[in-house]
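model19.cif (mmCIF, C-alpha atoms, pLDDT in the B column; chains and numbers go by the auth columns) appears below.
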data_work
#
loop_
_atom_site.group_PDB
_atom_site.id
_atom_site.type_symbol
_atom_site.label_atom_id
_atom_site.label_comp_id
_atom_site.label_asym_id
_atom_site.label_seq_id
_atom_site.Cartn_x
_atom_site.Cartn_y
_atom_site.Cartn_z
_atom_site.B_iso_or_equiv
_atom_site.auth_seq_id
_atom_site.auth_asym_id
ATOM 1 C CA MET A 1 0.000 0.000 0.000 52.00 1 S
ATOM 2 C CA CYS A 2 1.231 3.466 -0.723 62.00 2 S
ATOM 3 C CA GLY A 3 1.577 6.151 1.945 73.00 3 S
ATOM 4 C CA ARG A 4 -1.275 8.304 0.694 84.00 4 S
ATOM 5 C CA PHE A 5 -4.514 7.437 -1.023 87.00 5 S
ATOM 6 C CA VAL A 6 -7.917 8.795 -2.072 90.00 6 S
ATOM 7 C CA VAL A 7 -11.365 8.184 -0.611 90.00 7 S
ATOM 8 C CA ALA A 8 -13.704 9.913 -3.057 89.00 8 S
ATOM 9 C CA ALA A 9 -17.011 8.696 -1.560 89.00 9 S
ATOM 10 C CA SER A 10 -18.870 9.801 1.548 88.00 10 S
ATOM 11 C CA GLY A 11 -19.865 7.387 4.298 84.00 11 S
ATOM 12 C CA SER A 12 -23.448 7.118 3.077 83.00 12 S
ATOM 13 C CA GLU A 13 -22.236 6.300 -0.452 87.00 13 S
ATOM 14 C CA LEU A 14 -19.894 3.608 0.896 89.00 14 S
ATOM 15 C CA VAL A 15 -22.752 1.980 2.833 88.00 15 S
ATOM 16 C CA GLY A 16 -24.567 1.156 -0.404 86.00 16 S
ATOM 17 C CA VAL A 17 -21.518 0.154 -2.435 87.00 17 S
ATOM 18 C CA LEU A 18 -20.054 -2.112 0.256 88.00 18 S
ATOM 19 C CA ARG A 19 -23.416 -3.526 1.440 88.00 19 S
ATOM 20 C CA VAL A 20 -22.864 -2.409 5.013 90.00 20 S
ATOM 21 C CA ASP A 21 -25.438 -3.305 7.688 90.00 21 S
ATOM 22 C CA LEU A 22 -24.494 -0.703 10.327 89.00 22 S
ATOM 23 C CA GLU A 23 -23.065 2.785 9.821 91.00 23 S
ATOM 24 C CA GLY A 24 -20.976 4.280 12.611 90.00 24 S
ATOM 25 C CA ASP A 25 -21.241 7.846 13.873 88.00 25 S
ATOM 26 C CA ASP A 26 -18.848 10.602 12.877 89.00 26 S
ATOM 27 C CA LEU A 27 -17.481 9.043 9.681 92.00 27 S
ATOM 28 C CA PRO A 28 -14.841 11.106 7.870 92.00 28 S
ATOM 29 C CA GLY A 29 -15.807 12.722 4.583 91.00 29 S
ATOM 30 C CA PRO A 30 -14.148 12.266 1.207 92.00 30 S
ATOM 31 C CA SER A 31 -10.450 13.131 0.993 92.00 31 S
ATOM 32 C CA PHE A 32 -8.094 13.260 -1.958 91.00 32 S
ATOM 33 C CA ASN A 33 -4.998 13.121 0.263 92.00 33 S
ATOM 34 C CA VAL A 34 -5.391 10.600 3.089 90.00 34 S
ATOM 35 C CA ALA A 35 -2.106 10.373 5.000 87.00 35 S
ATOM 36 C CA PRO A 36 -0.942 8.123 7.861 84.00 36 S
ATOM 37 C CA THR A 37 -2.684 9.032 11.153 84.00 37 S
ATOM 38 C CA ASP A 38 -5.712 10.561 9.321 90.00 38 S
ATOM 39 C CA ARG A 39 -9.157 9.204 10.152 92.00 39 S
ATOM 40 C CA VAL A 40 -10.621 6.889 7.497 92.00 40 S
ATOM 41 C CA ALA A 41 -13.702 4.724 7.085 93.00 41 S
ATOM 42 C CA ILE A 42 -13.118 0.993 7.549 93.00 42 S
ATOM 43 C CA VAL A 43 -15.358 -2.031 7.095 93.00 43 S
ATOM 44 C CA LEU A 44 -15.441 -4.625 9.867 91.00 44 S
ATOM 45 C CA ASP A 45 -17.138 -7.994 9.555 87.00 45 S
ATOM 46 C CA SER A 46 -18.706 -9.385 12.721 80.00 46 S
ATOM 47 C CA ALA A 47 -18.889 -13.082 11.919 71.00 47 S
ATOM 48 C CA LYS A 48 -19.416 -13.917 15.600 74.00 48 S
ATOM 49 C CA THR A 49 -22.793 -12.157 15.806 76.00 49 S
ATOM 50 C CA GLU A 50 -26.043 -13.777 14.738 80.00 50 S
ATOM 51 C CA PRO A 51 -26.743 -12.920 11.988 83.00 51 S
ATOM 52 C CA PRO A 52 -23.253 -11.820 10.830 78.00 52 S
ATOM 53 C CA THR A 53 -23.075 -8.055 10.305 87.00 53 S
ATOM 54 C CA ARG A 54 -20.828 -5.743 8.327 90.00 54 S
ATOM 55 C CA ARG A 55 -20.090 -2.354 9.963 92.00 55 S
ATOM 56 C CA LEU A 56 -18.652 0.889 8.565 93.00 56 S
ATOM 57 C CA GLU A 57 -16.690 2.746 11.257 93.00 57 S
ATOM 58 C CA ALA A 58 -14.013 5.410 11.586 93.00 58 S
ATOM 59 C CA ALA A 59 -10.424 4.477 12.460 90.00 59 S
ATOM 60 C CA ARG A 60 -6.984 6.058 12.391 86.00 60 S
ATOM 61 C CA TRP A 61 -4.877 5.110 9.325 84.00 61 S
ATOM 62 C CA GLY A 62 -1.838 3.189 10.564 80.00 62 S
ATOM 63 C CA LEU A 63 -1.068 0.206 12.739 80.00 63 S
ATOM 64 C CA VAL A 64 -0.276 0.448 16.428 79.00 64 S
ATOM 65 C CA PRO A 65 1.071 -2.974 17.419 77.00 65 S
ATOM 66 C CA ALA A 66 -0.162 -4.384 20.731 75.00 66 S
ATOM 67 C CA TRP A 67 3.390 -4.250 22.113 77.00 67 S
ATOM 68 C CA ALA A 68 3.931 -0.548 21.267 78.00 68 S
ATOM 69 C CA LYS A 69 4.196 1.837 24.196 83.00 69 S
ATOM 70 C CA ASP A 70 3.665 4.943 22.030 82.00 70 S
ATOM 71 C CA PRO A 71 0.738 5.172 19.562 76.00 71 S
ATOM 72 C CA SER A 72 2.790 7.482 17.313 75.00 72 S
ATOM 73 C CA ILE A 73 4.439 4.349 15.883 71.00 73 S
ATOM 74 C CA GLY A 74 1.244 4.002 13.815 65.00 74 S
ATOM 75 C CA ALA A 75 2.465 6.808 11.561 68.00 75 S
ATOM 76 C CA LYS A 76 5.350 4.586 10.481 71.00 76 S
ATOM 77 C CA ALA A 77 3.566 1.228 10.464 70.00 77 S
ATOM 78 C CA PHE A 78 1.122 1.471 7.580 68.00 78 S
ATOM 79 C CA ASN A 79 2.966 -0.389 4.848 72.00 79 S
ATOM 80 C CA ALA A 80 3.530 -4.142 4.608 74.00 80 S
ATOM 81 C CA ARG A 81 4.581 -6.418 1.780 78.00 81 S
ATOM 82 C CA SER A 82 2.066 -9.200 1.302 80.00 82 S
ATOM 83 C CA GLU A 83 4.794 -11.849 1.154 85.00 83 S
ATOM 84 C CA GLU A 84 6.204 -10.748 4.546 82.00 84 S
ATOM 85 C CA VAL A 85 3.092 -9.854 6.558 83.00 85 S
ATOM 86 C CA GLU A 86 2.764 -13.296 8.197 86.00 86 S
ATOM 87 C CA ASP A 87 6.420 -13.346 9.268 86.00 87 S
ATOM 88 C CA LYS A 88 6.935 -9.825 10.638 84.00 88 S
ATOM 89 C CA PRO A 89 6.140 -9.475 14.369 81.00 89 S
ATOM 90 C CA MET A 90 4.710 -5.993 13.790 79.00 90 S
ATOM 91 C CA PHE A 91 1.940 -7.281 11.502 81.00 91 S
ATOM 92 C CA ARG A 92 1.416 -10.926 12.510 82.00 92 S
ATOM 93 C CA GLN A 93 -1.208 -10.536 15.269 81.00 93 S
ATOM 94 C CA ALA A 94 -3.082 -7.807 13.420 81.00 94 S
ATOM 95 C CA LEU A 95 -3.367 -10.095 10.388 82.00 95 S
ATOM 96 C CA ILE A 96 -4.844 -12.837 12.538 83.00 96 S
ATOM 97 C CA LYS A 97 -7.131 -10.872 14.882 82.00 97 S
ATOM 98 C CA ARG A 98 -7.786 -7.312 13.648 80.00 98 S
ATOM 99 C CA ARG A 99 -8.612 -7.454 9.956 83.00 99 S
ATOM 100 C CA ALA A 100 -10.546 -4.709 8.170 86.00 100 S
ATOM 101 C CA VAL A 101 -11.235 -3.483 4.661 86.00 101 S
ATOM 102 C CA ILE A 102 -10.183 0.074 3.849 86.00 102 S
ATOM 103 C CA PRO A 103 -12.080 1.526 0.882 87.00 103 S
ATOM 104 C CA ALA A 104 -9.355 3.319 -1.066 82.00 104 S
ATOM 105 C CA TYR A 105 -8.398 4.357 -4.561 70.00 105 S
ATOM 106 C CA ARG A 106 -4.730 4.514 -5.409 54.00 106 S
#

Could I get this file's structure written as C-alpha cells?
Amino acid sequence: MCGRFVVAASGSELVGVLRVDLEGDDLPGPSFNVAPTDRVAIVLDSAKTEPPTRRLEAARWGLVPAWAKDPSIGAKAFNARSEEVEDKPMFRQALIKRRAVIPAYR
C-alpha cells in the first residue's frame, strides 16, 4: 500500500456500495490526500454475531502494534509487503485478529 490514497465517496455512499449493515457515527468525509494518522472509514465484519453483520466505522490510518508503548508508531507502520506480513512481528497478530477493509483508490 502506498503512503497516501484517495477516498472519493462519503460514508453514506460507501454503505450502499459495500453492502454495510451498520453505519458508525462521525465518519470522515471524502479526501483526496489521506495520509498516515488521518481518520478513514473501515469495514469490519462481525462473523461472531447472529446474523453476521458488516459495519462501517471510523479508524486512524496506521497500525499500532499491541506491544507498542507509544501510539505514534502508527504513523510509520502502515505499509507491509504481502509476502512478509505473516512473518513480521509488527503485523502478525493484526493479520490474525484485527482485519478490516479500507475503501481506497490509489

Run the PyMOL selection byres ((chain S and resi 11) around 9) against the file shown and list the residues it catches, as a VMD selection string. chain S and resid 9 to 10 12 to 15 23 to 24 27 to 30 41 56 to 57

How many Å separate CA of Ala80 in chain S from CA of Leu63 in chain S? 10.3 Å

Give me, as a PyMOL selection string, all polymer residues having an atom no more than 12 Å from range 31-34 of chain S, counting only C-alpha atoms and skipping those fewer than 6 positions away in the same chain. chain S and resi 2-11+40-41+60-62+102-106

Adding 5 Å on each side of the box along x, y and z that holds all listed atoms of range 6-25 of chain S, could you give its centre and edge lengths in Å to one decimal, as lines of an AutoDock Vina configuration file?
center_x = -16.7
center_y = 3.2
center_z = 5.4
size_x = 27.5
size_y = 23.4
size_z = 26.9

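Residues captured in this structure file are Val43, Leu44, Ser46, Ala47, Lys48, Pro52, Thr53, Arg54, Arg55, Arg99, Ala100 and Val101 of chain S, according to the PyMOL selection byres ((chain S and resi 45) around 9).
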
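Pairwise distance (CA of Ser72 in chain S, CA of Ala58 in chain S) equals 17.9 Å.
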
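CA of Pro65 in chain S to CA of Met90 in chain S spans 6.0 Å [interatomic distance, one decimal].
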
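Remark: for Ala35 in chain S, the closest of the candidate residues S:Leu95, S:Asn79, S:Gly16, S:Glu86 is S:Asn79 (distances computed over all atoms listed in the file).
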
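When only C-alpha atoms are used to compute distances to Leu22 in chain S, the closest of the residues S:Asp87, S:Ala66, S:Lys76, S:Ile42 turns out to be S:Ile42.
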
Dump of range 43-55 of chain S from preceding block, all heavy atoms, as a tab-separated table (two decimals), in the first residue's frame:
chain	number	residue	atom	x	y	z
S	43	VAL	N	-14.27	-1.06	7.04
S	43	VAL	CA	-15.36	-2.03	7.09
S	43	VAL	C	-14.91	-3.20	7.95
S	43	VAL	O	-13.85	-3.79	7.71
S	43	VAL	CB	-15.73	-2.53	5.69
S	43	VAL	CG1	-16.86	-3.55	5.77
S	43	VAL	CG2	-16.12	-1.37	4.79
S	44	LEU	N	-15.71	-3.50	8.97
S	44	LEU	CA	-15.44	-4.63	9.87
S	44	LEU	C	-16.55	-5.65	9.70
S	44	LEU	O	-17.73	-5.29	9.61
S	44	LEU	CB	-15.40	-4.15	11.32
S	44	LEU	CG	-14.34	-3.10	11.63
S	44	LEU	CD1	-14.57	-2.50	13.00
S	44	LEU	CD2	-12.97	-3.70	11.53
S	45	ASP	N	-16.18	-6.91	9.70
S	45	ASP	CA	-17.14	-7.99	9.56
S	45	ASP	C	-17.27	-8.70	10.90
S	45	ASP	O	-16.28	-9.17	11.44
S	45	ASP	CB	-16.65	-8.97	8.48
S	45	ASP	CG	-17.72	-9.91	8.01
S	45	ASP	OD1	-18.91	-9.61	8.22
S	45	ASP	OD2	-17.38	-10.94	7.42
S	46	SER	N	-18.47	-8.74	11.43
S	46	SER	CA	-18.71	-9.39	12.72
S	46	SER	C	-19.29	-10.77	12.49
S	46	SER	O	-20.50	-10.98	12.57
S	46	SER	CB	-19.67	-8.55	13.56
S	46	SER	OG	-19.15	-7.28	13.79
S	47	ALA	N	-18.44	-11.72	12.20
S	47	ALA	CA	-18.89	-13.08	11.92
S	47	ALA	C	-19.39	-13.78	13.18
S	47	ALA	O	-20.13	-14.75	13.09
S	47	ALA	CB	-17.75	-13.88	11.30
S	48	LYS	N	-19.02	-13.27	14.35
S	48	LYS	CA	-19.42	-13.92	15.60
S	48	LYS	C	-20.83	-13.56	16.03
S	48	LYS	O	-21.38	-14.19	16.92
S	48	LYS	CB	-18.43	-13.55	16.71
S	48	LYS	CG	-17.04	-14.10	16.45
S	48	LYS	CD	-16.08	-13.70	17.53
S	48	LYS	CE	-14.70	-14.23	17.20
S	48	LYS	NZ	-13.70	-13.82	18.17
S	49	THR	N	-21.43	-12.53	15.44
S	49	THR	CA	-22.79	-12.16	15.81
S	49	THR	C	-23.79	-12.97	14.98
S	49	THR	O	-23.46	-13.50	13.93
S	49	THR	CB	-23.04	-10.65	15.57
S	49	THR	OG1	-22.88	-10.38	14.18
S	49	THR	CG2	-22.09	-9.81	16.39
S	50	GLU	N	-24.99	-13.05	15.45
S	50	GLU	CA	-26.04	-13.78	14.74
S	50	GLU	C	-27.16	-12.81	14.39
S	50	GLU	O	-27.79	-12.29	15.28
S	50	GLU	CB	-26.57	-14.86	15.66
S	50	GLU	CG	-26.71	-16.27	15.14
S	50	GLU	CD	-26.17	-16.65	13.80
S	50	GLU	OE1	-25.02	-17.05	13.69
S	50	GLU	OE2	-26.93	-16.57	12.83
S	51	PRO	N	-27.46	-12.51	13.18
S	51	PRO	CA	-26.74	-12.92	11.99
S	51	PRO	C	-25.45	-12.11	11.85
S	51	PRO	O	-25.31	-11.05	12.46
S	51	PRO	CB	-27.72	-12.58	10.86
S	51	PRO	CG	-28.49	-11.42	11.37
S	51	PRO	CD	-28.61	-11.65	12.86
S	52	PRO	N	-24.50	-12.58	11.05
S	52	PRO	CA	-23.25	-11.82	10.83
S	52	PRO	C	-23.56	-10.42	10.28
S	52	PRO	O	-24.46	-10.27	9.46
S	52	PRO	CB	-22.50	-12.66	9.80
S	52	PRO	CG	-23.09	-14.01	9.91
S	52	PRO	CD	-24.52	-13.83	10.31
S	53	THR	N	-22.84	-9.42	10.76
S	53	THR	CA	-23.08	-8.06	10.31
S	53	THR	C	-21.79	-7.44	9.79
S	53	THR	O	-20.69	-7.80	10.22
S	53	THR	CB	-23.62	-7.17	11.45
S	53	THR	OG1	-22.70	-7.21	12.53
S	53	THR	CG2	-24.97	-7.63	11.92
S	54	ARG	N	-21.94	-6.50	8.88
S	54	ARG	CA	-20.83	-5.74	8.33
S	54	ARG	C	-21.02	-4.29	8.76
S	54	ARG	O	-22.07	-3.71	8.53
S	54	ARG	CB	-20.85	-5.85	6.81
S	54	ARG	CG	-19.64	-5.24	6.15
S	54	ARG	CD	-19.66	-5.45	4.68
S	54	ARG	NE	-19.42	-6.86	4.42
S	54	ARG	CZ	-19.52	-7.41	3.22
S	54	ARG	NH1	-19.85	-6.70	2.19
S	54	ARG	NH2	-19.28	-8.68	3.05
S	55	ARG	N	-19.99	-3.71	9.42
S	55	ARG	CA	-20.09	-2.35	9.96
S	55	ARG	C	-19.11	-1.42	9.26
S	55	ARG	O	-18.00	-1.82	8.93
S	55	ARG	CB	-19.75	-2.34	11.46
S	55	ARG	CG	-20.54	-3.28	12.28
S	55	ARG	CD	-20.23	-3.20	13.77
S	55	ARG	NE	-18.85	-2.99	14.17
S	55	ARG	CZ	-17.98	-3.95	14.46
S	55	ARG	NH1	-18.31	-5.20	14.35
S	55	ARG	NH2	-16.77	-3.64	14.86
